[in-house]
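J.: So I've got this file, final.txt, and it contains compact mmCIF, N, CA and C atoms:
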# COMPACT_ATOMS: atom_id res chain seq x y z
N MET A 1 180.46 0.56 106.03
CA MET A 1 181.06 -0.63 106.58
C MET A 1 182.39 -0.89 105.90
N ALA A 2 183.34 -1.29 106.66
CA ALA A 2 184.63 -1.70 106.12
C ALA A 2 184.92 -3.11 106.63
N ARG A 3 185.44 -3.95 105.78
CA ARG A 3 185.72 -5.34 106.14
C ARG A 3 187.04 -5.49 106.88
N LEU A 4 187.92 -4.48 106.80
CA LEU A 4 189.22 -4.49 107.45
C LEU A 4 190.08 -5.67 107.02
N ARG A 5 190.06 -5.97 105.71
CA ARG A 5 190.85 -7.07 105.16
C ARG A 5 191.72 -6.62 103.99
N SER A 6 191.96 -5.34 103.90
CA SER A 6 192.81 -4.80 102.82
C SER A 6 194.15 -4.42 103.42
N TYR A 7 194.97 -5.42 103.63
CA TYR A 7 196.24 -5.23 104.32
C TYR A 7 197.14 -4.27 103.56
N GLY A 8 197.73 -3.32 104.28
CA GLY A 8 198.53 -2.28 103.64
C GLY A 8 197.67 -1.29 102.87
N ASN A 9 196.38 -1.27 103.17
CA ASN A 9 195.40 -0.39 102.51
C ASN A 9 195.26 -0.66 101.02
N VAL A 10 195.53 -1.91 100.62
CA VAL A 10 195.40 -2.32 99.22
C VAL A 10 194.39 -3.47 99.16
N PRO A 11 193.39 -3.38 98.26
CA PRO A 11 192.47 -4.51 98.11
C PRO A 11 193.24 -5.79 97.77
N GLN A 12 192.92 -6.87 98.43
CA GLN A 12 193.63 -8.13 98.29
C GLN A 12 192.98 -9.03 97.24
N PRO A 13 193.73 -10.00 96.71
CA PRO A 13 193.17 -10.91 95.69
C PRO A 13 191.91 -11.65 96.14
N HIS A 14 191.78 -11.97 97.43
CA HIS A 14 190.58 -12.67 97.89
C HIS A 14 189.31 -11.84 97.70
N ALA A 15 189.46 -10.52 97.56
CA ALA A 15 188.30 -9.65 97.35
C ALA A 15 187.65 -9.90 95.99
N ILE A 16 188.41 -10.42 95.04
CA ILE A 16 187.85 -10.75 93.72
C ILE A 16 186.74 -11.79 93.90
N LEU A 17 187.03 -12.84 94.64
CA LEU A 17 186.04 -13.89 94.89
C LEU A 17 184.88 -13.34 95.73
N TYR A 18 185.21 -12.59 96.77
CA TYR A 18 184.19 -12.05 97.67
C TYR A 18 183.15 -11.23 96.91
N TYR A 19 183.60 -10.30 96.09
CA TYR A 19 182.66 -9.43 95.37
C TYR A 19 182.00 -10.13 94.19
N SER A 20 182.73 -11.00 93.50
CA SER A 20 182.11 -11.68 92.35
C SER A 20 181.02 -12.65 92.80
N GLN A 21 181.14 -13.23 94.00
CA GLN A 21 180.10 -14.11 94.54
C GLN A 21 178.82 -13.34 94.85
N ARG A 22 178.93 -12.06 95.07
CA ARG A 22 177.78 -11.24 95.45
C ARG A 22 177.21 -10.44 94.28
N THR A 23 177.66 -10.75 93.10
CA THR A 23 177.26 -10.01 91.91
C THR A 23 176.16 -10.75 91.16
N SER A 24 175.23 -9.97 90.61
CA SER A 24 174.20 -10.55 89.73
C SER A 24 174.08 -9.68 88.49
N LYS A 25 173.58 -10.25 87.42
CA LYS A 25 173.45 -9.51 86.16
C LYS A 25 172.56 -8.28 86.37
N GLY A 26 173.11 -7.13 86.04
CA GLY A 26 172.38 -5.88 86.18
C GLY A 26 172.34 -5.33 87.59
N GLY A 27 172.96 -6.04 88.53
CA GLY A 27 172.93 -5.61 89.93
C GLY A 27 173.99 -4.56 90.22
N LEU A 28 173.67 -3.66 91.13
CA LEU A 28 174.62 -2.64 91.60
C LEU A 28 175.29 -3.16 92.86
N LEU A 29 176.60 -3.27 92.82
CA LEU A 29 177.36 -3.73 93.96
C LEU A 29 178.14 -2.54 94.52
N ILE A 30 177.83 -2.15 95.73
CA ILE A 30 178.52 -1.03 96.38
C ILE A 30 179.58 -1.62 97.30
N ALA A 31 180.83 -1.28 97.04
CA ALA A 31 181.96 -1.85 97.77
C ALA A 31 182.02 -1.32 99.19
N GLU A 32 182.88 -1.97 99.95
CA GLU A 32 183.16 -1.48 101.30
C GLU A 32 183.75 -0.08 101.22
N ALA A 33 183.77 0.60 102.33
CA ALA A 33 184.29 1.96 102.38
C ALA A 33 185.77 1.98 102.01
N ALA A 34 186.15 2.91 101.14
CA ALA A 34 187.54 3.08 100.72
C ALA A 34 188.01 4.47 101.11
N GLY A 35 189.12 4.52 101.81
CA GLY A 35 189.63 5.78 102.32
C GLY A 35 190.26 6.65 101.24
N VAL A 36 190.03 7.95 101.35
CA VAL A 36 190.64 8.91 100.44
C VAL A 36 191.90 9.50 101.05
N LEU A 37 192.15 9.22 102.30
CA LEU A 37 193.36 9.61 103.01
C LEU A 37 193.84 8.42 103.83
N THR A 38 195.05 8.51 104.34
CA THR A 38 195.55 7.47 105.23
C THR A 38 194.80 7.60 106.55
N LEU A 39 193.76 6.83 106.70
CA LEU A 39 192.93 6.96 107.90
C LEU A 39 192.93 5.72 108.77
N LEU A 40 192.50 4.63 108.23
CA LEU A 40 192.29 3.44 109.05
C LEU A 40 193.11 2.25 108.56
N LYS A 41 193.52 1.43 109.50
CA LYS A 41 194.27 0.22 109.18
C LYS A 41 193.40 -0.75 108.39
N ASP A 42 193.99 -1.38 107.43
CA ASP A 42 193.38 -2.50 106.70
C ASP A 42 192.09 -2.18 105.96
N THR A 43 191.88 -0.90 105.65
CA THR A 43 190.77 -0.52 104.78
C THR A 43 191.36 -0.18 103.42
N PRO A 44 190.66 -0.50 102.33
CA PRO A 44 191.22 -0.20 101.01
C PRO A 44 191.34 1.30 100.81
N GLY A 45 192.41 1.70 100.16
CA GLY A 45 192.62 3.12 99.92
C GLY A 45 192.55 3.46 98.44
N ILE A 46 192.30 4.72 98.19
CA ILE A 46 192.28 5.21 96.81
C ILE A 46 193.05 6.52 96.69
N TRP A 47 193.97 6.79 97.63
CA TRP A 47 194.65 8.07 97.63
C TRP A 47 195.94 8.10 96.82
N THR A 48 196.47 6.98 96.41
CA THR A 48 197.63 6.95 95.52
C THR A 48 197.44 5.84 94.48
N LYS A 49 198.18 5.92 93.39
CA LYS A 49 198.07 4.89 92.36
C LYS A 49 198.45 3.52 92.88
N SER A 50 199.37 3.46 93.83
CA SER A 50 199.76 2.15 94.37
C SER A 50 198.63 1.50 95.15
N LYS A 51 197.68 2.28 95.61
CA LYS A 51 196.54 1.74 96.35
C LYS A 51 195.40 1.34 95.42
N LEU A 52 195.43 1.78 94.19
CA LEU A 52 194.33 1.53 93.26
C LEU A 52 194.47 0.14 92.64
N LYS A 53 194.10 -0.86 93.38
CA LYS A 53 194.18 -2.26 92.93
C LYS A 53 192.78 -2.83 92.71
N TRP A 54 191.83 -1.98 92.38
CA TRP A 54 190.44 -2.40 92.22
C TRP A 54 190.16 -3.05 90.88
N LYS A 55 191.01 -2.85 89.87
CA LYS A 55 190.70 -3.30 88.51
C LYS A 55 190.34 -4.78 88.41
N PRO A 56 191.11 -5.71 88.99
CA PRO A 56 190.71 -7.11 88.89
C PRO A 56 189.35 -7.39 89.54
N ILE A 57 189.05 -6.68 90.60
CA ILE A 57 187.77 -6.85 91.29
C ILE A 57 186.64 -6.32 90.41
N VAL A 58 186.83 -5.13 89.88
CA VAL A 58 185.82 -4.52 89.00
C VAL A 58 185.62 -5.38 87.76
N ASP A 59 186.70 -5.89 87.18
CA ASP A 59 186.60 -6.75 86.00
C ASP A 59 185.78 -8.01 86.29
N ALA A 60 185.97 -8.61 87.47
CA ALA A 60 185.21 -9.82 87.84
C ALA A 60 183.72 -9.51 88.00
N VAL A 61 183.41 -8.36 88.58
CA VAL A 61 182.01 -7.95 88.74
C VAL A 61 181.40 -7.67 87.37
N HIS A 62 182.12 -6.95 86.51
CA HIS A 62 181.62 -6.66 85.16
C HIS A 62 181.43 -7.93 84.34
N ALA A 63 182.31 -8.91 84.53
CA ALA A 63 182.21 -10.17 83.78
C ALA A 63 180.90 -10.90 84.09
N LYS A 64 180.36 -10.68 85.26
CA LYS A 64 179.08 -11.29 85.64
C LYS A 64 177.89 -10.36 85.35
N GLY A 65 178.17 -9.23 84.70
CA GLY A 65 177.10 -8.32 84.32
C GLY A 65 176.71 -7.32 85.38
N GLY A 66 177.50 -7.21 86.43
CA GLY A 66 177.19 -6.29 87.52
C GLY A 66 177.83 -4.92 87.32
N VAL A 67 177.39 -3.98 88.12
CA VAL A 67 177.93 -2.62 88.14
C VAL A 67 178.60 -2.43 89.50
N PHE A 68 179.81 -1.87 89.50
CA PHE A 68 180.59 -1.74 90.73
C PHE A 68 180.79 -0.28 91.08
N PHE A 69 180.61 0.03 92.34
CA PHE A 69 180.78 1.40 92.83
C PHE A 69 181.60 1.36 94.11
N VAL A 70 182.66 2.16 94.18
CA VAL A 70 183.47 2.24 95.38
C VAL A 70 182.95 3.39 96.24
N ARG A 71 182.64 3.09 97.48
CA ARG A 71 182.11 4.08 98.41
C ARG A 71 183.27 4.75 99.14
N PHE A 72 183.22 6.06 99.24
CA PHE A 72 184.27 6.81 99.93
C PHE A 72 184.07 6.73 101.45
N LEU A 73 185.19 6.63 102.16
CA LEU A 73 185.16 6.50 103.61
C LEU A 73 185.47 7.83 104.27
N HIS A 74 184.65 8.18 105.23
CA HIS A 74 184.95 9.29 106.13
C HIS A 74 184.49 8.87 107.50
N VAL A 75 185.40 8.78 108.45
CA VAL A 75 185.06 8.24 109.76
C VAL A 75 184.35 9.25 110.65
N GLY A 76 184.53 10.53 110.39
CA GLY A 76 183.81 11.54 111.15
C GLY A 76 184.17 11.57 112.62
N ARG A 77 183.25 12.05 113.43
CA ARG A 77 183.50 12.26 114.85
C ARG A 77 183.56 10.97 115.65
N VAL A 78 183.08 9.89 115.11
CA VAL A 78 183.05 8.65 115.88
C VAL A 78 184.25 7.75 115.57
N SER A 79 185.31 8.33 115.01
CA SER A 79 186.47 7.52 114.67
C SER A 79 187.08 6.89 115.91
N ASN A 80 187.76 5.78 115.71
CA ASN A 80 188.37 5.03 116.79
C ASN A 80 189.89 5.13 116.65
N GLN A 81 190.55 5.74 117.61
CA GLN A 81 192.01 5.92 117.54
C GLN A 81 192.73 4.58 117.47
N GLY A 82 192.14 3.51 117.98
CA GLY A 82 192.77 2.20 117.93
C GLY A 82 192.89 1.65 116.52
N LEU A 83 192.06 2.14 115.60
CA LEU A 83 192.12 1.71 114.20
C LEU A 83 192.86 2.69 113.31
N SER A 84 193.17 3.84 113.84
CA SER A 84 193.77 4.90 113.04
C SER A 84 195.24 4.64 112.72
N LEU A 85 195.66 5.11 111.54
CA LEU A 85 197.07 5.02 111.15
C LEU A 85 197.83 6.29 111.50
N THR A 86 197.12 7.31 111.95
CA THR A 86 197.75 8.59 112.25
C THR A 86 197.41 9.02 113.68
N GLU A 87 198.10 10.03 114.14
CA GLU A 87 197.83 10.60 115.46
C GLU A 87 196.71 11.63 115.40
N THR A 88 196.32 12.02 114.19
CA THR A 88 195.36 13.07 113.99
C THR A 88 193.97 12.50 113.74
N ASN A 89 192.97 13.09 114.37
CA ASN A 89 191.58 12.79 114.04
C ASN A 89 191.15 13.73 112.92
N PHE A 90 190.64 13.19 111.84
CA PHE A 90 190.19 14.01 110.73
C PHE A 90 188.71 14.32 110.90
N ILE A 91 188.43 15.29 111.75
CA ILE A 91 187.05 15.69 111.99
C ILE A 91 186.94 17.19 111.74
N SER A 92 185.73 17.67 111.68
CA SER A 92 185.50 19.05 111.33
C SER A 92 185.78 20.02 112.48
N SER A 93 185.86 19.54 113.70
CA SER A 93 186.04 20.41 114.83
C SER A 93 186.84 19.70 115.91
N ASN A 94 187.59 20.45 116.68
CA ASN A 94 188.31 19.84 117.81
C ASN A 94 187.47 19.89 119.08
N ILE A 95 186.25 20.36 118.97
CA ILE A 95 185.33 20.40 120.10
C ILE A 95 184.40 19.20 120.00
N ALA A 96 184.44 18.34 120.97
CA ALA A 96 183.60 17.13 120.93
C ALA A 96 182.20 17.40 121.42
Give the structure from this file in structure tokens form.

T.:
Amino acid sequence: MARLRSYGNVPQPHAILYYSQRTSKGGLLIAEAAGVLTLLKDTPGIWTKSKLKWKPIVDAVHAKGGVFFVRFLHVGRVSNQGLSLTETNFISSNIA
């Protein structure tokens, strides 16, 4: 799942509150899907240092005793061109 609220593919400051509200001591918090390539609009990215803005979010989760994990995004064959940032579908085959 992706929340589609990471404008410019960068996690936004409001995500600090969102994730810290869902954290509990000793709990594992798995983040929304984060793209490893320029794939989808408004999803957080991790493909360049400028996209790696997770530290304040992770710090807020750790401050409440939680564990944070960023899930990698791969849209696969069911990708939606309307959400894509590129003209290319990143799938394993060009045969549908």

J.: Any idea what the distance is between atom C of Thr23 (chain A) and atom C of Val67 (chain A)?

T.: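 Those two atoms sit 8.8 Å apart.
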
J.: Provide the CA of Gly27 (chain A) to CA of Gly8 (chain A) distance in Å, to one decimal place.

T.: 29.2 Å

J.: Between CA of Ala33 (chain A) and CA of Phe72 (chain A), what is the distance in Å, rounded to a tenth?

T.: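 Those two atoms sit 5.4 Å apart.
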
J.: Which neighbours of region 62-66 of chain A fall inside 8 Å, counting only C-alpha atoms, when residues of the same chain fewer than 2 positions from it are skipped, and could you give them as a ChimeraX atom specification?

T.: /A:20,23-29,58-60,68

J.: If we count only N, CA and C atoms, what is near Ala34 (chain A) at a cut-off of 5 Å, once residues fewer than 3 positions away on the same chain are taken out, given as JSON, numbers by chain?

T.: {"A": [44, 45, 71, 72, 73]}

J.: Could you please fill out region 54-65 of chain A with all heavy atoms and send it back as a PDB file, in the coordinates of the input?

T.:
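Here's the written file rebuild.pdb:
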ATOM      1  N   TRP A  54     191.830  -1.980  92.380  1.00  0.00           N
ATOM      2  CA  TRP A  54     190.440  -2.400  92.220  1.00  0.00           C
ATOM      3  C   TRP A  54     190.160  -3.050  90.880  1.00  0.00           C
ATOM      4  O   TRP A  54     189.154  -3.728  90.718  1.00  0.00           O
ATOM      5  CB  TRP A  54     189.511  -1.207  92.393  1.00  0.00           C
ATOM      6  CG  TRP A  54     189.417  -0.713  93.800  1.00  0.00           C
ATOM      7  CD1 TRP A  54     190.085   0.353  94.334  1.00  0.00           C
ATOM      8  CD2 TRP A  54     188.632  -1.248  94.855  1.00  0.00           C
ATOM      9  NE1 TRP A  54     189.756   0.507  95.652  1.00  0.00           N
ATOM     10  CE2 TRP A  54     188.858  -0.466  95.993  1.00  0.00           C
ATOM     11  CE3 TRP A  54     187.754  -2.325  94.934  1.00  0.00           C
ATOM     12  CZ2 TRP A  54     188.233  -0.727  97.203  1.00  0.00           C
ATOM     13  CZ3 TRP A  54     187.135  -2.573  96.145  1.00  0.00           C
ATOM     14  CH2 TRP A  54     187.377  -1.788  97.252  1.00  0.00           C
ATOM     15  N   LYS A  55     191.010  -2.850  89.870  1.00  0.00           N
ATOM     16  CA  LYS A  55     190.700  -3.300  88.510  1.00  0.00           C
ATOM     17  C   LYS A  55     190.340  -4.780  88.410  1.00  0.00           C
ATOM     18  O   LYS A  55     189.314  -5.112  87.804  1.00  0.00           O
ATOM     19  CB  LYS A  55     191.835  -2.950  87.550  1.00  0.00           C
ATOM     20  CG  LYS A  55     191.486  -3.313  86.110  1.00  0.00           C
ATOM     21  CD  LYS A  55     192.295  -2.574  85.109  1.00  0.00           C
ATOM     22  CE  LYS A  55     192.002  -2.947  83.690  1.00  0.00           C
ATOM     23  NZ  LYS A  55     190.635  -3.227  83.327  1.00  0.00           N
ATOM     24  N   PRO A  56     191.110  -5.710  88.990  1.00  0.00           N
ATOM     25  CA  PRO A  56     190.710  -7.110  88.890  1.00  0.00           C
ATOM     26  C   PRO A  56     189.350  -7.390  89.540  1.00  0.00           C
ATOM     27  O   PRO A  56     188.587  -8.235  89.076  1.00  0.00           O
ATOM     28  CB  PRO A  56     191.820  -7.879  89.613  1.00  0.00           C
ATOM     29  CG  PRO A  56     192.959  -6.930  89.728  1.00  0.00           C
ATOM     30  CD  PRO A  56     192.388  -5.549  89.671  1.00  0.00           C
ATOM     31  N   ILE A  57     189.050  -6.680  90.600  1.00  0.00           N
ATOM     32  CA  ILE A  57     187.770  -6.850  91.290  1.00  0.00           C
ATOM     33  C   ILE A  57     186.640  -6.320  90.410  1.00  0.00           C
ATOM     34  O   ILE A  57     185.626  -6.996  90.202  1.00  0.00           O
ATOM     35  CB  ILE A  57     187.788  -6.118  92.653  1.00  0.00           C
ATOM     36  CG1 ILE A  57     188.893  -6.695  93.544  1.00  0.00           C
ATOM     37  CG2 ILE A  57     186.424  -6.201  93.333  1.00  0.00           C
ATOM     38  CD1 ILE A  57     189.233  -5.856  94.744  1.00  0.00           C
ATOM     39  N   VAL A  58     186.830  -5.130  89.880  1.00  0.00           N
ATOM     40  CA  VAL A  58     185.820  -4.520  89.000  1.00  0.00           C
ATOM     41  C   VAL A  58     185.620  -5.380  87.760  1.00  0.00           C
ATOM     42  O   VAL A  58     184.479  -5.613  87.330  1.00  0.00           O
ATOM     43  CB  VAL A  58     186.224  -3.080  88.626  1.00  0.00           C
ATOM     44  CG1 VAL A  58     185.273  -2.493  87.601  1.00  0.00           C
ATOM     45  CG2 VAL A  58     186.261  -2.197  89.874  1.00  0.00           C
ATOM     46  N   ASP A  59     186.700  -5.890  87.180  1.00  0.00           N
ATOM     47  CA  ASP A  59     186.600  -6.750  86.000  1.00  0.00           C
ATOM     48  C   ASP A  59     185.780  -8.010  86.290  1.00  0.00           C
ATOM     49  O   ASP A  59     184.957  -8.429  85.470  1.00  0.00           O
ATOM     50  CB  ASP A  59     187.983  -7.140  85.478  1.00  0.00           C
ATOM     51  CG  ASP A  59     188.719  -5.981  84.831  1.00  0.00           C
ATOM     52  OD1 ASP A  59     188.071  -4.946  84.530  1.00  0.00           O
ATOM     53  OD2 ASP A  59     189.945  -6.108  84.640  1.00  0.00           O
ATOM     54  N   ALA A  60     185.970  -8.610  87.470  1.00  0.00           N
ATOM     55  CA  ALA A  60     185.210  -9.820  87.840  1.00  0.00           C
ATOM     56  C   ALA A  60     183.720  -9.510  88.000  1.00  0.00           C
ATOM     57  O   ALA A  60     182.871 -10.291  87.579  1.00  0.00           O
ATOM     58  CB  ALA A  60     185.769 -10.411  89.132  1.00  0.00           C
ATOM     59  N   VAL A  61     183.410  -8.360  88.580  1.00  0.00           N
ATOM     60  CA  VAL A  61     182.010  -7.950  88.740  1.00  0.00           C
ATOM     61  C   VAL A  61     181.400  -7.670  87.370  1.00  0.00           C
ATOM     62  O   VAL A  61     180.283  -8.116  87.072  1.00  0.00           O
ATOM     63  CB  VAL A  61     181.907  -6.722  89.666  1.00  0.00           C
ATOM     64  CG1 VAL A  61     180.505  -6.131  89.647  1.00  0.00           C
ATOM     65  CG2 VAL A  61     182.316  -7.094  91.083  1.00  0.00           C
ATOM     66  N   HIS A  62     182.120  -6.950  86.510  1.00  0.00           N
ATOM     67  CA  HIS A  62     181.620  -6.660  85.160  1.00  0.00           C
ATOM     68  C   HIS A  62     181.430  -7.930  84.340  1.00  0.00           C
ATOM     69  O   HIS A  62     180.497  -8.031  83.543  1.00  0.00           O
ATOM     70  CB  HIS A  62     182.571  -5.708  84.433  1.00  0.00           C
ATOM     71  CG  HIS A  62     182.515  -4.314  84.960  1.00  0.00           C
ATOM     72  ND1 HIS A  62     183.390  -3.327  84.539  1.00  0.00           N
ATOM     73  CD2 HIS A  62     181.697  -3.712  85.859  1.00  0.00           C
ATOM     74  CE1 HIS A  62     183.106  -2.203  85.165  1.00  0.00           C
ATOM     75  NE2 HIS A  62     182.089  -2.410  85.970  1.00  0.00           N
ATOM     76  N   ALA A  63     182.310  -8.910  84.530  1.00  0.00           N
ATOM     77  CA  ALA A  63     182.210 -10.170  83.780  1.00  0.00           C
ATOM     78  C   ALA A  63     180.900 -10.900  84.090  1.00  0.00           C
ATOM     79  O   ALA A  63     180.398 -11.652  83.256  1.00  0.00           O
ATOM     80  CB  ALA A  63     183.401 -11.075  84.098  1.00  0.00           C
ATOM     81  N   LYS A  64     180.360 -10.680  85.260  1.00  0.00           N
ATOM     82  CA  LYS A  64     179.080 -11.290  85.640  1.00  0.00           C
ATOM     83  C   LYS A  64     177.890 -10.360  85.350  1.00  0.00           C
ATOM     84  O   LYS A  64     176.767 -10.659  85.743  1.00  0.00           O
ATOM     85  CB  LYS A  64     179.088 -11.662  87.115  1.00  0.00           C
ATOM     86  CG  LYS A  64     179.956 -12.862  87.415  1.00  0.00           C
ATOM     87  CD  LYS A  64     179.717 -13.305  88.838  1.00  0.00           C
ATOM     88  CE  LYS A  64     180.158 -14.736  89.017  1.00  0.00           C
ATOM     89  NZ  LYS A  64     179.797 -15.244  90.336  1.00  0.00           N
ATOM     90  N   GLY A  65     178.170  -9.230  84.700  1.00  0.00           N
ATOM     91  CA  GLY A  65     177.100  -8.320  84.320  1.00  0.00           C
ATOM     92  C   GLY A  65     176.710  -7.320  85.380  1.00  0.00           C
ATOM     93  O   GLY A  65     175.688  -6.638  85.261  1.00  0.00           O
TER      94      GLY A  65
END
